[in-house]
Amino acid sequence: MEKLPLAVDHIPEAKRHIYDAEPVLSARELVITFGRVVGLDGVNLDLYKGEVLAVIGDNGAGKSTLIKCLTGAYVPDSGSIRLEGSPVTFRRPQDAREAGIETVYQQLAVIPALDIASNLYLGRETRRKGVLGSVFRMLDKGGMEREAGQSVQDLGIQTIQNMGQAVETLSGGQRQAVAVARAAAFGSKVVVLDEPTAALGVKESGMVLDMVKQLRDNGLAVILISHNMPHVWDVADRIHIQRLGGCAGVITPQSHDMGEGVAIMTGAKTLSG
Ligand SMILES: Nc1ncnc2c1ncn2[C@@H]1O[C@H](COP(=O)(O)OP(=O)(O)OP(=O)(O)O)[C@@H](O)[C@H]1O
Ligand SMILES: [Mg+2]
């Protein structure tokens, strides 16, 4: 598959090597319609290991639809997706997850009545060793809580103290942090975050953005959807601009300032060169 053109001139020297490799995730000509509404009109995307690709666009531009098509929540009407060069078809989010892509959807994906450790391990619970686990299907709660505590701590979420605490008793920001921690802990190739800082305070947003940088620096590929332009210009390596179901272009924080980015997003300006 041909790589999409990159704004290489505008990528800092120190990071150019990232783009010599093959993209970890590629999508070509993704189309999805909902009755008469065009969700995506033939969108292309390349995502590289070690980069943060931000996706910006107005309400309804197709940002969530795009990542849902990439992560198995929607099945596109047509188009193709490759993971590490091989064609993939994700029919449900579980398929993408098993392939190493973890997603935090815009509509928060935690189960409030369960505790933090159970939320972190949702769908991948560990069983007790021996016959208790294999025959009686007993969950290794202690082990999950210990490991959950460790991964939450690794990610610097110090405000959460008790892994046995029900998620419904957490603040909105802490809930979001649990969802992001879960993605960070299990995403082995790609982590996709749809508006992870929308409900967060300044301190918590900073924490999530630090986590995003940490994931990128650990060699993962991150897709970050956000309406917060300062956040985007702070963490993104490249910025995919989604507009009216299509891609209006890919820029970098070095090639365009926030004002220009927003102008392209709203159609006040088109991307030339
Ligand atoms: N399941 C669905 N059924 C019908 N229409 C849908 C569905 N999912 C998305 N759409 C439509 O597709 C378009 C793109 O929606 P999408 O949620 O991707 O926007 P977005 O860019 O994420 O917006 P926001 O910034 O508000 O989150 C909208 O017109 C939306 O109404
Ligand atoms: Mg959305």
# chains A, B, ... in the order shown; residues from 1 in each chain; ligands from 1
>>> residues_around(residues="Cys247 in chain A", least_positions_apart="4", cutoff="8 Å", atoms="only C-alpha atoms", output="PyMOL selection string")
chain A and resi 43-44+240-243
>>> closest_atom_pairs(of="chain A", to="ligand 1", cutoff="7 Å", atoms="only C-alpha atoms and all ligand atoms", output="Markdown table")
| residue | atom | partner | partner_atom_place_in_ligand_line | distance |
| --- | --- | --- | --- | --- |
| A:Phe34 | CA | ligand 1 | 4 (C) | 4.8 |
| A:Val37 | CA | ligand 1 | 29 (O) | 6.2 |
| A:Val38 | CA | ligand 1 | 12 (O) | 6.4 |
| A:Gly39 | CA | ligand 1 | 12 (O) | 4.1 |
| A:Gly57 | CA | ligand 1 | 21 (O) | 6.0 |
| A:Asp58 | CA | ligand 1 | 25 (O) | 5.5 |
| A:Asn59 | CA | ligand 1 | 26 (O) | 3.5 |
| A:Gly60 | CA | ligand 1 | 19 (O) | 3.3 |
| A:Ala61 | CA | ligand 1 | 21 (O) | 3.8 |
| A:Gly62 | CA | ligand 1 | 18 (O) | 3.2 |
| A:Lys63 | CA | ligand 1 | 21 (O) | 3.7 |
| A:Ser64 | CA | ligand 1 | 22 (O) | 3.7 |
| A:Thr65 | CA | ligand 1 | 18 (O) | 3.6 |
| A:Leu66 | CA | ligand 1 | 18 (O) | 6.4 |
| A:Gly245 | CA | ligand 1 | 14 (C) | 6.7 |
>>> residues_around(residues="Ser86 in chain A", least_positions_apart="3", cutoff="12 Å", atoms="only C-alpha atoms", output="list of chain:residue names")
A:Met1, A:Glu22, A:Pro23, A:Val24, A:Leu25, A:Ser26, A:Ala27, A:Ser80, A:Ile81, A:Arg82, A:Leu83, A:Thr89, A:Ala99
>>> closest_residue(among="A:Met207, A:Val88, A:Val104, A:Ala21", to="ligand 2", atoms="only C-alpha atoms and all ligand atoms")
A:Val104
>>> closest_residue(among="A:Ala199, A:Met229, A:Leu193, A:Ala14", to="ligand 2", atoms="only C-alpha atoms and all ligand atoms")
A:Leu193
>>> closest_residue(among="A:Glu51, A:Asp115, A:Glu195, A:Asp46", to="Glu145 in chain A", atoms="only C-alpha atoms")
A:Asp115
>>> residues_around(residues="range 214-227 of chain A", least_positions_apart="2", cutoff="7 Å", atoms="only C-alpha atoms", output="VMD selection string")
chain A and resid 47 to 56 189 to 195 210 to 212 229 232
>>> write_last_selection(atoms="C-alpha atoms", output="PDB file, in the first residue's frame")
ATOM      1  CA  LEU A  47      -0.686   6.270  11.808  1.00  0.00           C
ATOM      2  CA  TYR A  48       2.931   5.646  12.808  1.00  0.00           C
ATOM      3  CA  LYS A  49       4.527   4.079  15.875  1.00  0.00           C
ATOM      4  CA  GLY A  50       5.875   6.723  18.224  1.00  0.00           C
ATOM      5  CA  GLU A  51       3.554   9.510  17.107  1.00  0.00           C
ATOM      6  CA  VAL A  52       0.484  11.255  18.427  1.00  0.00           C
ATOM      7  CA  LEU A  53      -1.939  11.872  15.580  1.00  0.00           C
ATOM      8  CA  ALA A  54      -4.581  14.368  16.666  1.00  0.00           C
ATOM      9  CA  VAL A  55      -7.952  14.403  14.931  1.00  0.00           C
ATOM     10  CA  ILE A  56      -9.776  17.726  14.992  1.00  0.00           C
ATOM     11  CA  LYS A 189       0.151  -1.172  19.504  1.00  0.00           C
ATOM     12  CA  VAL A 190      -2.383   1.606  19.249  1.00  0.00           C
ATOM     13  CA  VAL A 191      -4.285   3.678  21.809  1.00  0.00           C
ATOM     14  CA  VAL A 192      -7.264   5.718  20.633  1.00  0.00           C
ATOM     15  CA  LEU A 193      -8.720   8.431  22.855  1.00  0.00           C
ATOM     16  CA  ASP A 194     -11.915  10.252  21.885  1.00  0.00           C
ATOM     17  CA  GLU A 195     -12.112  13.516  23.861  1.00  0.00           C
ATOM     18  CA  ASP A 210       1.380  13.480  30.159  1.00  0.00           C
ATOM     19  CA  MET A 211       0.108   9.916  29.874  1.00  0.00           C
ATOM     20  CA  VAL A 212      -0.381  10.393  26.121  1.00  0.00           C
ATOM     21  CA  MET A 229      -6.645  23.349  20.408  1.00  0.00           C
ATOM     22  CA  VAL A 232      -3.651  19.437  20.438  1.00  0.00           C
TER      23      VAL A 232
END
>>> residues_around(residues="Gly42 in chain A", least_positions_apart="5", cutoff="8 Å", atoms="only C-alpha atoms", output="PDB file with N, CA and C atoms, in the first residue's frame")
ATOM      1  N   ARG A  28      -7.810   3.263   4.015  1.00  0.00           N
ATOM      2  CA  ARG A  28      -7.959   3.852   2.685  1.00  0.00           C
ATOM      3  C   ARG A  28      -9.425   3.863   2.272  1.00  0.00           C
ATOM      4  N   GLU A  29      -9.842   5.054   1.843  1.00  0.00           N
ATOM      5  CA  GLU A  29     -11.171   5.220   1.231  1.00  0.00           C
ATOM      6  C   GLU A  29     -12.306   4.687   2.106  1.00  0.00           C
ATOM      7  N   LEU A  30     -12.255   5.013   3.391  1.00  0.00           N
ATOM      8  CA  LEU A  30     -13.330   4.550   4.277  1.00  0.00           C
ATOM      9  C   LEU A  30     -14.613   5.320   3.991  1.00  0.00           C
ATOM     10  N   VAL A  31     -15.666   4.560   3.745  1.00  0.00           N
ATOM     11  CA  VAL A  31     -16.984   5.148   3.496  1.00  0.00           C
ATOM     12  C   VAL A  31     -17.980   4.512   4.460  1.00  0.00           C
ATOM     13  N   GLY A  79     -14.006   0.379   1.804  1.00  0.00           N
ATOM     14  CA  GLY A  79     -12.688   0.857   2.195  1.00  0.00           C
ATOM     15  C   GLY A  79     -11.902  -0.252   2.854  1.00  0.00           C
ATOM     16  N   GLY A 246     -15.165  14.281   5.468  1.00  0.00           N
ATOM     17  CA  GLY A 246     -13.947  14.033   4.699  1.00  0.00           C
ATOM     18  C   GLY A 246     -12.727  14.554   5.441  1.00  0.00           C
TER      19      GLY A 246
END
>>> closest_residue(among="A:Gly206, A:Gly100, A:Pro196, A:Pro76", to="ligand 2", atoms="only C-alpha atoms and all ligand atoms")
A:Pro196
>>> closest_residue(among="A:His10, A:Lys68, A:Arg97, A:Lys203", to="ligand 2", atoms="only C-alpha atoms and all ligand atoms")
A:Lys68
>>> closest_residue(among="A:Ala166, A:Gly173, A:Tyr105, A:Val208", to="ligand 2", atoms="only C-alpha atoms and all ligand atoms")
A:Tyr105
>>> select_by_dssp(residues="range 11-259 of chain A", states="helix (DSSP H, G or I)", output="count of residues only")
88
>>> decode(residues="range 49-77 of chain A", atoms="N, CA and C atoms", output="short mmCIF file (atom, residue, chain, number, x, y, z; two decimals), in the first residue's frame")
data_model
loop_
_atom_site.label_atom_id
_atom_site.label_comp_id
_atom_site.auth_asym_id
_atom_site.auth_seq_id
_atom_site.Cartn_x
_atom_site.Cartn_y
_atom_site.Cartn_z
N LYS A 49 4.04 4.36 14.52
CA LYS A 49 4.53 4.08 15.87
C LYS A 49 5.32 5.26 16.38
N GLY A 50 5.09 5.64 17.63
CA GLY A 50 5.87 6.72 18.22
C GLY A 50 5.35 8.10 17.91
N GLU A 51 4.12 8.18 17.34
CA GLU A 51 3.55 9.51 17.11
C GLU A 51 2.19 9.66 17.78
N VAL A 52 1.85 10.92 18.03
CA VAL A 52 0.48 11.26 18.43
C VAL A 52 -0.15 11.92 17.22
N LEU A 53 -1.18 11.29 16.67
CA LEU A 53 -1.94 11.87 15.58
C LEU A 53 -3.22 12.44 16.17
N ALA A 54 -3.34 13.76 16.16
CA ALA A 54 -4.58 14.37 16.67
C ALA A 54 -5.60 14.38 15.54
N VAL A 55 -6.87 14.25 15.90
CA VAL A 55 -7.95 14.40 14.93
C VAL A 55 -8.83 15.53 15.42
N ILE A 56 -8.93 16.59 14.61
CA ILE A 56 -9.78 17.73 14.99
C ILE A 56 -10.86 17.92 13.94
N GLY A 57 -11.89 18.67 14.30
CA GLY A 57 -12.99 18.93 13.37
C GLY A 57 -14.21 19.39 14.17
N ASP A 58 -15.11 20.07 13.48
CA ASP A 58 -16.32 20.57 14.13
C ASP A 58 -17.21 19.42 14.59
N ASN A 59 -18.23 19.74 15.36
CA ASN A 59 -19.22 18.74 15.77
C ASN A 59 -19.82 18.12 14.52
N GLY A 60 -19.90 16.80 14.50
CA GLY A 60 -20.51 16.12 13.37
C GLY A 60 -19.61 15.95 12.16
N ALA A 61 -18.33 16.31 12.30
CA ALA A 61 -17.41 16.23 11.15
C ALA A 61 -17.02 14.79 10.82
N GLY A 62 -17.28 13.87 11.77
CA GLY A 62 -16.96 12.47 11.50
C GLY A 62 -15.79 11.93 12.29
N LYS A 63 -15.35 12.65 13.30
CA LYS A 63 -14.18 12.21 14.08
C LYS A 63 -14.46 10.90 14.80
N SER A 64 -15.56 10.86 15.56
CA SER A 64 -15.87 9.63 16.30
C SER A 64 -16.19 8.50 15.34
N THR A 65 -16.88 8.82 14.26
CA THR A 65 -17.22 7.80 13.26
C THR A 65 -15.95 7.19 12.68
N LEU A 66 -14.96 8.05 12.41
CA LEU A 66 -13.70 7.56 11.85
C LEU A 66 -13.04 6.57 12.81
N ILE A 67 -12.94 6.94 14.08
CA ILE A 67 -12.24 6.01 14.98
C ILE A 67 -13.10 4.78 15.28
N LYS A 68 -14.42 4.94 15.22
CA LYS A 68 -15.26 3.76 15.40
C LYS A 68 -15.05 2.77 14.25
N CYS A 69 -14.86 3.28 13.04
CA CYS A 69 -14.59 2.40 11.90
C CYS A 69 -13.21 1.74 12.02
N LEU A 70 -12.27 2.45 12.64
CA LEU A 70 -10.92 1.90 12.78
C LEU A 70 -10.84 0.86 13.90
N THR A 71 -11.80 0.89 14.82
CA THR A 71 -11.68 0.06 16.02
C THR A 71 -12.83 -0.94 16.20
N GLY A 72 -13.56 -1.18 15.13
CA GLY A 72 -14.55 -2.25 15.17
C GLY A 72 -15.92 -1.90 15.75
N ALA A 73 -16.09 -0.65 16.19
CA ALA A 73 -17.41 -0.28 16.74
C ALA A 73 -18.41 -0.09 15.59
N TYR A 74 -17.93 0.38 14.45
CA TYR A 74 -18.72 0.42 13.21
C TYR A 74 -17.97 -0.39 12.16
N VAL A 75 -18.72 -1.02 11.28
CA VAL A 75 -18.08 -1.68 10.14
C VAL A 75 -18.32 -0.79 8.92
N PRO A 76 -17.26 -0.25 8.30
CA PRO A 76 -17.46 0.66 7.18
C PRO A 76 -18.18 -0.03 6.01
N ASP A 77 -18.91 0.75 5.20
CA ASP A 77 -19.58 0.21 4.02
C ASP A 77 -18.55 -0.25 3.00
#
